[in-house]
file target.cif (mmCIF, C-alpha atoms and all ligand atoms)
data_data
#
loop_
_atom_site.label_atom_id
_atom_site.label_comp_id
_atom_site.auth_asym_id
_atom_site.auth_seq_id
_atom_site.Cartn_x
_atom_site.Cartn_y
_atom_site.Cartn_z
CA MET R 1 8.90 4.45 12.22
CA TYR R 2 7.34 1.72 14.20
CA ILE R 3 8.40 -1.64 12.76
CA ARG R 4 6.19 -4.49 13.80
CA VAL R 5 7.73 -7.88 12.97
CA VAL R 6 5.22 -10.73 13.04
CA LYS R 7 5.51 -14.43 12.38
CA ASP R 8 4.14 -14.92 8.87
CA PRO R 9 1.91 -13.45 6.14
CA ARG R 10 -1.19 -14.49 8.02
CA ALA R 11 -0.10 -12.50 11.05
CA VAL R 12 0.66 -9.54 8.76
CA SER R 13 -2.90 -9.66 7.46
CA SER R 14 -4.57 -9.96 10.86
CA THR R 15 -2.37 -7.24 12.40
CA THR R 16 -3.01 -4.95 9.43
CA THR R 17 -6.76 -5.57 9.43
CA ALA R 18 -6.95 -4.83 13.14
CA LEU R 19 -4.99 -1.61 12.64
CA LEU R 20 -7.19 -0.46 9.73
CA THR R 21 -10.43 -1.05 11.60
CA ASP R 22 -9.16 0.38 14.92
CA GLU R 23 -7.98 3.55 13.17
CA GLY R 24 -11.33 3.82 11.39
CA GLY R 25 -13.17 3.65 14.70
CA LYS R 26 -10.98 6.43 16.13
CA VAL R 27 -11.33 8.67 13.07
CA LEU R 28 -15.13 8.34 12.95
CA LYS R 29 -15.44 9.64 16.51
CA GLN R 30 -14.23 12.96 15.15
CA ARG R 31 -15.17 13.03 11.48
CA GLU R 32 -17.88 12.01 9.06
CA THR R 33 -15.78 9.74 6.83
CA TYR R 34 -12.78 7.46 7.15
CA ASN R 35 -10.49 8.05 4.17
CA LEU R 36 -8.40 5.09 3.24
CA VAL R 37 -5.82 4.71 0.47
CA LEU R 38 -5.48 1.11 -0.71
CA PRO R 39 -2.90 -0.88 -2.69
CA THR R 40 -3.13 -3.77 -5.12
CA GLY R 41 -0.50 -6.50 -5.57
CA SER R 42 -0.05 -9.94 -4.07
CA THR R 43 0.78 -8.77 -0.53
CA PRO R 44 -2.55 -7.08 0.36
CA VAL R 45 -4.68 -9.98 -0.91
CA GLU R 46 -4.47 -11.76 2.46
CA THR R 47 -5.39 -8.56 4.28
CA TYR R 48 -8.45 -8.07 2.08
CA ARG R 49 -9.41 -11.71 2.69
CA GLU R 50 -9.18 -11.13 6.43
CA LEU R 51 -11.23 -7.93 6.15
CA ILE R 52 -13.93 -9.85 4.28
CA ARG R 53 -13.85 -12.65 6.84
CA ARG R 54 -14.30 -10.22 9.73
CA TYR R 55 -17.02 -8.34 7.84
CA ARG R 56 -18.95 -11.55 7.21
CA ALA R 57 -18.48 -12.62 10.81
CA GLY R 58 -20.04 -9.34 11.91
CA GLU R 59 -16.80 -8.24 13.57
CA ILE R 60 -16.59 -4.95 11.66
CA SER R 61 -19.22 -2.32 12.31
CA LEU R 62 -21.49 -1.59 9.36
CA ASP R 63 -21.26 2.09 10.26
CA LEU R 64 -17.50 1.92 9.71
CA ILE R 65 -17.97 0.37 6.26
CA ALA R 66 -20.75 2.81 5.33
CA ARG R 67 -18.55 5.79 6.23
CA THR R 68 -15.29 4.55 4.67
CA ARG R 69 -14.08 6.15 1.43
CA THR R 70 -11.29 4.50 -0.52
CA TRP R 71 -8.81 5.67 -3.14
CA ASN R 72 -6.53 3.18 -4.84
CA LEU R 73 -2.88 3.97 -5.36
CA ASP R 74 -2.76 3.26 -9.06
CA GLU R 75 -4.11 1.70 -12.24
CA TYR R 76 -2.41 0.47 -15.38
CA LEU R 77 -2.54 2.66 -18.48
CA PRO R 78 -2.48 0.38 -21.54
CA ASP R 79 -1.44 1.72 -24.96
CA THR R 80 -4.73 0.73 -26.58
CA ASP R 81 -8.28 -0.25 -25.61
CA ARG R 82 -8.23 2.00 -22.55
CA GLU R 83 -12.01 2.27 -22.50
CA VAL R 84 -12.37 -1.47 -21.84
CA TRP R 85 -9.27 -1.90 -19.67
CA ARG R 86 -11.22 -2.05 -16.43
CA TYR R 87 -12.71 -5.36 -17.60
CA HIS R 88 -9.28 -6.83 -18.31
CA GLU R 89 -8.61 -9.56 -15.77
CA GLN R 90 -5.45 -7.79 -14.56
CA SER R 91 -6.93 -4.32 -14.25
CA TYR R 92 -6.76 -2.97 -10.73
CA TRP R 93 -10.44 -2.05 -11.00
CA LEU R 94 -11.29 -5.74 -11.39
CA PHE R 95 -8.64 -6.75 -8.86
CA MET R 96 -10.33 -4.64 -6.21
CA ARG R 97 -13.75 -6.01 -7.11
CA ARG R 98 -12.42 -9.56 -6.94
CA HIS R 99 -10.55 -9.14 -3.68
CA LEU R 100 -12.57 -6.58 -1.72
CA PHE R 101 -15.29 -4.40 -3.23
CA GLY R 102 -17.30 -7.34 -4.57
CA HIS R 103 -17.59 -8.74 -1.04
CA VAL R 104 -17.92 -5.75 1.26
CA THR R 105 -20.74 -3.31 0.62
CA PHE R 106 -19.29 0.17 0.71
CA ALA R 107 -21.49 3.21 0.02
CA ASN R 108 -22.25 4.06 -3.59
CA GLY R 109 -19.41 6.03 -5.11
CA ALA R 110 -17.14 5.38 -2.12
CA ASN R 111 -14.43 3.52 -4.02
CA HIS R 112 -12.12 5.50 -6.30
CA ILE R 113 -9.56 4.18 -8.79
CA PRO R 114 -7.78 6.36 -11.37
CA ASN R 115 -9.55 6.02 -14.71
CA PRO R 116 -7.24 5.18 -17.64
CA ALA R 117 -10.15 5.71 -20.07
CA ALA R 118 -10.40 9.41 -19.21
CA VAL R 119 -10.16 11.59 -22.32
CA ASP R 120 -8.06 14.15 -20.46
CA LEU R 121 -5.61 12.20 -18.31
CA GLU R 122 -4.08 15.30 -16.77
CA ALA R 123 -7.49 16.44 -15.59
CA GLU R 124 -8.21 12.93 -14.31
CA CYS R 125 -5.02 12.95 -12.22
CA ARG R 126 -5.59 16.46 -10.92
CA GLY R 127 -9.18 15.61 -10.07
CA TYR R 128 -8.06 12.46 -8.27
CA ASP R 129 -5.77 14.37 -5.92
CA GLU R 130 -8.44 17.05 -5.44
CA SER R 131 -11.12 14.50 -4.59
CA ILE R 132 -8.95 13.15 -1.75
CA ALA R 133 -7.95 16.59 -0.52
CA THR R 134 -11.48 18.02 -0.56
CA GLN R 135 -12.73 15.08 1.49
CA GLY R 136 -10.17 15.85 4.19
CA GLY R 137 -7.07 13.98 2.97
CA PRO R 138 -6.11 10.38 3.69
CA ASP R 139 -6.46 9.11 7.26
CA VAL R 140 -4.57 5.91 6.56
CA VAL R 141 -2.45 5.11 3.51
CA LEU R 142 -1.77 1.38 3.18
CA VAL R 143 1.09 0.53 0.81
CA GLY R 144 3.08 -2.45 -0.38
CA ILE R 145 6.64 -2.20 -1.63
CA GLY R 146 8.15 -3.27 -4.95
CA THR R 147 11.41 -5.19 -5.08
CA ASN R 148 12.98 -1.98 -6.44
CA GLY R 149 11.60 0.01 -3.50
CA HIS R 150 8.71 1.57 -5.39
CA VAL R 151 5.53 2.63 -3.62
CA ALA R 152 2.49 2.65 -5.91
CA PHE R 153 4.18 3.07 -9.32
CA ASN R 154 6.59 5.73 -8.07
CA GLU R 155 9.68 4.13 -9.51
CA PRO R 156 13.25 5.13 -8.67
CA PRO R 157 14.37 7.88 -8.87
CA ALA R 158 11.20 9.17 -7.19
CA GLN R 159 10.29 12.69 -6.08
CA LYS R 160 8.76 13.47 -2.71
CA ASP R 161 6.36 16.10 -4.01
CA SER R 162 5.02 14.27 -7.06
CA PRO R 163 1.26 14.48 -7.77
CA THR R 164 -0.93 11.77 -9.28
CA ARG R 165 0.25 11.49 -12.89
CA VAL R 166 1.07 9.24 -15.83
CA VAL R 167 4.23 7.25 -15.11
CA GLY R 168 6.36 4.68 -16.91
CA LEU R 169 6.95 1.33 -15.22
CA ALA R 170 10.52 0.31 -14.41
CA GLN R 171 11.68 -2.78 -16.28
CA THR R 172 12.10 -4.59 -12.96
CA THR R 173 8.44 -3.89 -12.18
CA VAL R 174 7.30 -5.08 -15.61
CA SER R 175 9.29 -8.26 -15.06
CA ASP R 176 7.99 -8.78 -11.48
CA ASN R 177 4.38 -8.20 -12.51
CA ALA R 178 4.71 -10.35 -15.63
CA LYS R 179 5.80 -13.26 -13.45
CA LYS R 180 3.18 -12.73 -10.76
CA PHE R 181 0.14 -11.73 -12.78
CA PHE R 182 0.61 -12.11 -16.55
CA GLY R 183 1.85 -15.69 -16.88
CA GLY R 184 5.41 -14.47 -17.54
CA ASP R 185 4.39 -12.52 -20.65
CA LEU R 186 6.36 -9.25 -20.56
CA ASP R 187 4.51 -7.92 -23.61
CA ALA R 188 1.15 -8.30 -21.89
CA VAL R 189 2.07 -5.94 -19.02
CA PRO R 190 1.08 -2.31 -19.71
CA LYS R 191 4.21 -0.17 -19.59
CA GLN R 192 2.51 2.90 -18.16
CA ALA R 193 0.18 3.61 -15.28
CA LEU R 194 -1.68 6.36 -13.46
CA SER R 195 -0.04 6.55 -10.06
CA MET R 196 -0.72 8.51 -6.92
CA GLY R 197 2.40 10.54 -6.16
CA PHE R 198 4.30 10.87 -2.92
CA ARG R 199 2.74 14.27 -2.23
CA THR R 200 -0.62 12.63 -1.55
CA ILE R 201 0.84 9.45 -0.07
CA LEU R 202 2.94 11.37 2.46
CA SER R 203 -0.04 13.62 3.29
CA GLY R 204 -1.70 10.63 4.98
CA ARG R 205 -2.09 11.05 8.73
CA LYS R 206 -0.92 7.49 9.18
CA LEU R 207 1.10 5.36 6.75
CA VAL R 208 1.19 1.58 6.91
CA LEU R 209 3.67 -0.43 4.88
CA ILE R 210 3.21 -4.19 4.54
CA ALA R 211 5.76 -6.68 3.20
CA THR R 212 6.26 -10.42 3.34
CA GLY R 213 8.86 -12.94 2.20
CA TYR R 214 12.64 -13.03 1.71
CA ALA R 215 12.34 -11.43 -1.75
CA LYS R 216 11.52 -8.13 0.01
CA ALA R 217 14.15 -8.38 2.79
CA VAL R 218 16.89 -6.31 1.13
CA THR R 219 14.43 -3.67 -0.08
CA VAL R 220 12.80 -3.39 3.33
CA GLY R 221 16.25 -3.17 4.93
CA ALA R 222 17.34 -0.39 2.57
CA SER R 223 14.03 1.45 2.99
CA VAL R 224 14.03 1.55 6.75
CA LEU R 225 17.78 1.51 7.56
CA GLY R 226 19.36 3.28 4.62
CA PRO R 227 19.54 6.90 3.52
CA VAL R 228 16.37 8.72 2.48
CA THR R 229 16.67 8.82 -1.29
CA GLY R 230 14.48 8.73 -4.37
CA TRP R 231 16.58 5.78 -5.54
CA CYS R 232 14.80 3.77 -2.87
CA PRO R 233 11.37 5.46 -2.93
CA ALA R 234 9.99 3.70 0.17
CA SER R 235 12.79 5.34 2.18
CA PHE R 236 10.71 8.57 2.06
CA LEU R 237 8.45 6.90 4.62
CA GLN R 238 11.21 7.24 7.22
CA GLU R 239 10.52 10.98 7.37
CA HIS R 240 6.82 10.57 8.13
CA PRO R 241 5.86 11.18 11.77
CA ASP R 242 3.44 8.24 11.94
CA CYS R 243 4.51 5.28 9.82
CA THR R 244 4.06 1.66 10.84
CA CYS R 245 5.69 -1.20 8.92
CA ILE R 246 4.00 -4.56 9.41
CA ILE R 247 6.35 -7.21 8.08
CA ASP R 248 6.88 -10.91 8.56
CA THR R 249 10.13 -12.41 9.87
CA GLU R 250 11.32 -13.19 6.33
CA ALA R 251 10.85 -9.64 5.02
CA ALA R 252 12.42 -8.41 8.29
CA SER R 253 15.45 -10.69 8.06
CA ILE R 254 17.98 -8.00 7.07
CA VAL R 255 16.61 -5.59 9.69
CA LEU R 256 16.88 -8.32 12.33
CA GLU R 257 20.43 -9.27 11.28
CA TYR R 258 21.45 -5.61 11.44
CA ALA R 259 19.90 -5.30 14.89
CA LYS R 260 21.61 -8.49 16.10
CA ALA R 261 24.97 -7.22 14.87
CA ARG R 262 24.41 -4.18 17.08
CA GLY R 263 23.77 -6.24 20.18
CA HIS R 264 19.96 -6.40 20.16
CA ASP R 265 18.24 -9.66 20.89
CA PRO R 266 15.27 -9.92 18.48
CA ARG R 267 13.55 -12.22 21.02
CA SER R 268 13.59 -9.44 23.59
CA GLY R 269 10.45 -7.96 22.03
CA ARG R 270 11.36 -4.32 21.64
CA PHE R 271 14.42 -2.29 20.69
CA ASP R 272 15.40 0.76 18.68
CA VAL R 273 17.53 0.93 15.55
CA ARG R 274 19.00 4.05 13.96
CA SER R 275 18.89 4.39 10.19
CA GLU R 276 21.71 5.82 8.10
CA ALA R 277 19.48 8.84 7.63
CA GLY R 278 19.57 9.37 11.41
CA TYR R 279 16.02 8.27 12.26
CA GLU R 280 15.37 6.14 15.34
CA HIS R 281 12.93 3.35 14.57
CA SER R 282 11.24 1.32 17.21
CA VAL R 283 11.13 -2.38 16.40
CA GLN R 284 8.72 -4.78 18.04
CA THR R 285 9.08 -8.49 17.41
CA THR R 286 6.11 -10.67 18.24
CA ASN R 287 4.38 -13.62 16.70
CA GLY R 288 1.38 -11.40 16.05
CA PRO R 289 -2.20 -12.09 17.05
P1 LIG R 301 3.46 -7.27 -4.39
O1 LIG R 301 3.71 -5.87 -5.03
O2 LIG R 301 2.54 -7.08 -3.22
O3 LIG R 301 2.82 -8.08 -5.48
O4 LIG R 301 4.79 -7.82 -3.97
C1 LIG R 301 4.02 -4.79 -4.22
C2 LIG R 301 4.27 -3.58 -5.05
O5 LIG R 301 4.76 -3.70 -6.20
O6 LIG R 301 3.99 -2.48 -4.57
#

call {"tool": "encode", "arguments": {"input": "target.cif", "output": "structure tokens", "more": "lines below"}}
Ligand code: PGA
result
Amino acid sequence: MYIRVVKDPRAVSSTTTALLTDEGGKVLKQRETYNLVLPTGSTPVETYRELIRRYRAGEISLDLIARTRTWNLDEYLPDTDREVWRYHEQSYWLFMRRHLFGHVTFANGANHIPNPAAVDLEAECRGYDESIATQGGPDVVLVGIGTNGHVAFNEPPAQKDSPTRVVGLAQTTVSDNAKKFFGGDLDAVPKQALSMGFRTILSGRKLVLIATGYAKAVTVGASVLGPVTGWCPASFLQEHPDCTCIIDTEAASIVLEYAKARGHDPRSGRFDVRSEAGYEHSVQTTNGP
């Protein structure tokens, strides 16, 4: 892993936006489309805002936008009223429209989100994975991390080879999301979701994990420095050959304390840490662009 520690959430968003657009430019020199997997949640909002700002400022090529295809990681699966869920203010379909797709003009049909209104959910999930695979697989998979270590709605204990499927939300996730998005109302949070599995996530050529704030520090520490285990699903990312974590100093605080205790000076810019699983991660500490 390459762990990039930057000053604050703003630096996370600008570093991430630069990475996403740079990678897109590289991919499109060799292929027709740039295939991007995108998350929802509070963390990526700033990154989407920065993408929109750069798009409006003419700093992102229109060719890149026209040739980008996106697949979201997940969507809630409510018990009832599934056919109108996408118009619920907390649906991920509407979230993406509010925070990105309503502001950046992608090609028609370029943006995919699992459909909870599908009559045959199994076929929907299978088709979702197939649609990514047949278009060449993900070039970049951008993910956030839950306080319980989940990636998408792959809750602990997670499996590395899971496909897109119907999943139950962990109680910690219901509680986190109730506080952040549903005014604290646990009953209002759907208890199931359609979630991309680790099989597709880990098939990405490049993975990018973003995290900000002290509330994520322990989880980030366990994910990058601990054993690789389904009990901390994000730890699977350690095994990927090209994974970059872009985190602010607060989310990095446990990693930095661990490094300091082993004689590294976080101000020195660059050093390596070894995880319990035996992986060497390269850490770069900067204030970001
Ligand atoms: P958050 O969620 O960005 O709102 O913290 C991340 C996640 O649950 O994956």

call {"tool": "atom_distance", "arguments": {"input": "target.cif", "atom1": "CA of Asn115 in chain R", "atom2": "CA of Met96 in chain R"}}
result
13.7 Å

call {"tool": "residues_near_ligand", "arguments": {"input": "target.cif", "ligand": "ligand LIG 301 (chain R)", "cutoff": "8 Å", "atoms": "only C-alpha atoms and all ligand atoms", "output": "ChimeraX atom specification"}}
result
/R:39-44,143-147,150-153,173,176-177,180,211-212,216

call {"tool": "atom_distance", "arguments": {"input": "target.cif", "atom1": "CA of Ala107 in chain R", "atom2": "CA of Glu122 in chain R"}}
result
27.0 Å

call {"tool": "residues_around", "arguments": {"input": "target.cif", "residues": "Glu239 in chain R", "least_positions_apart": "4", "cutoff": "9 Å", "atoms": "only C-alpha atoms", "output": "list of chain:residue names"}}
result
R:Met1, R:Val228, R:Ser235, R:Cys243, R:Tyr279

call {"tool": "residues_around", "arguments": {"input": "target.cif", "residues": "Ser13 in chain R", "least_positions_apart": "4", "cutoff": "9 Å", "atoms": "only C-alpha atoms", "output": "list in words"}}
result
Asp8, Pro9, Thr17, Ala18, Thr43, Pro44, Val45, Glu46, Thr47, Tyr48, Arg49, Glu50, Leu51, Ile210 and Ile246 of chain R

call {"tool": "atom_distance", "arguments": {"input": "target.cif", "atom1": "CA of Ser61 in chain R", "atom2": "CA of Ile132 in chain R"}}
result
23.3 Å

call {"tool": "closest_residue", "arguments": {"input": "target.cif", "among": "R:Gly213, R:Asp139, R:Ala277, R:Ile247", "to": "Gln30 in chain R", "atoms": "all atoms listed in the file"}}
result
R:Asp139

call {"tool": "closest_residue", "arguments": {"input": "target.cif", "among": "R:Thr134, R:Ser162, R:Gln90, R:Gln284", "to": "Ser268 in chain R", "atoms": "all atoms listed in the file"}}
result
R:Gln284

call {"tool": "residues_around", "arguments": {"input": "target.cif", "residues": "range 67-80 of chain R", "least_positions_apart": "4", "cutoff": "8 Å", "atoms": "all atoms listed in the file", "output": "JSON, numbers by chain"}}
result
{"R": [24, 28, 32, 33, 34, 35, 36, 37, 38, 39, 40, 63, 85, 91, 92, 93, 106, 107, 110, 111, 112, 113, 114, 115, 116, 132, 152, 153, 166, 190, 191, 192, 193, 194, 195, 196]}

call {"tool": "closest_residue", "arguments": {"input": "target.cif", "among": "R:Ile201, R:Val5, R:Ala66, R:Ala261", "to": "Ala133 in chain R", "atoms": "all atoms listed in the file"}}
result
R:Ile201

call {"tool": "closest_residue", "arguments": {"input": "target.cif", "among": "R:Ala234, R:Ala188, R:Val218, R:Leu64", "to": "Gly25 in chain R", "atoms": "only C-alpha atoms"}}
result
R:Leu64

call {"tool": "residues_near_point", "arguments": {"input": "target.cif", "point": "(13.0, 7.2, -8.3)", "cutoff": "7 Å", "atoms": "all atoms listed in the file", "output": "number ranges by chain"}}
result
R: 154-159, 230-233

call {"tool": "write_last_selection", "arguments": {"input": "target.cif", "atoms": "C-alpha atoms", "output": "compact mmCIF listing (two decimals), in the coordinates of the input"}}
result
# COMPACT_ATOMS: atom_id res chain seq x y z
CA ASN R 154 6.59 5.73 -8.07
CA GLU R 155 9.68 4.13 -9.51
CA PRO R 156 13.25 5.13 -8.67
CA PRO R 157 14.37 7.88 -8.87
CA ALA R 158 11.20 9.17 -7.19
CA GLN R 159 10.29 12.69 -6.08
CA GLY R 230 14.48 8.73 -4.37
CA TRP R 231 16.58 5.78 -5.54
CA CYS R 232 14.80 3.77 -2.87
CA PRO R 233 11.37 5.46 -2.93

call {"tool": "closest_residue", "arguments": {"input": "target.cif", "among": "R:Arg205, R:Ser223, R:Ala251, R:Arg274", "to": "Gly136 in chain R", "atoms": "all atoms listed in the file"}}
result
R:Arg205

call {"tool": "closest_residue", "arguments": {"input": "target.cif", "among": "R:His281, R:Arg53, R:Lys29, R:Arg267", "to": "Leu225 in chain R", "atoms": "only C-alpha atoms"}}
result
R:His281
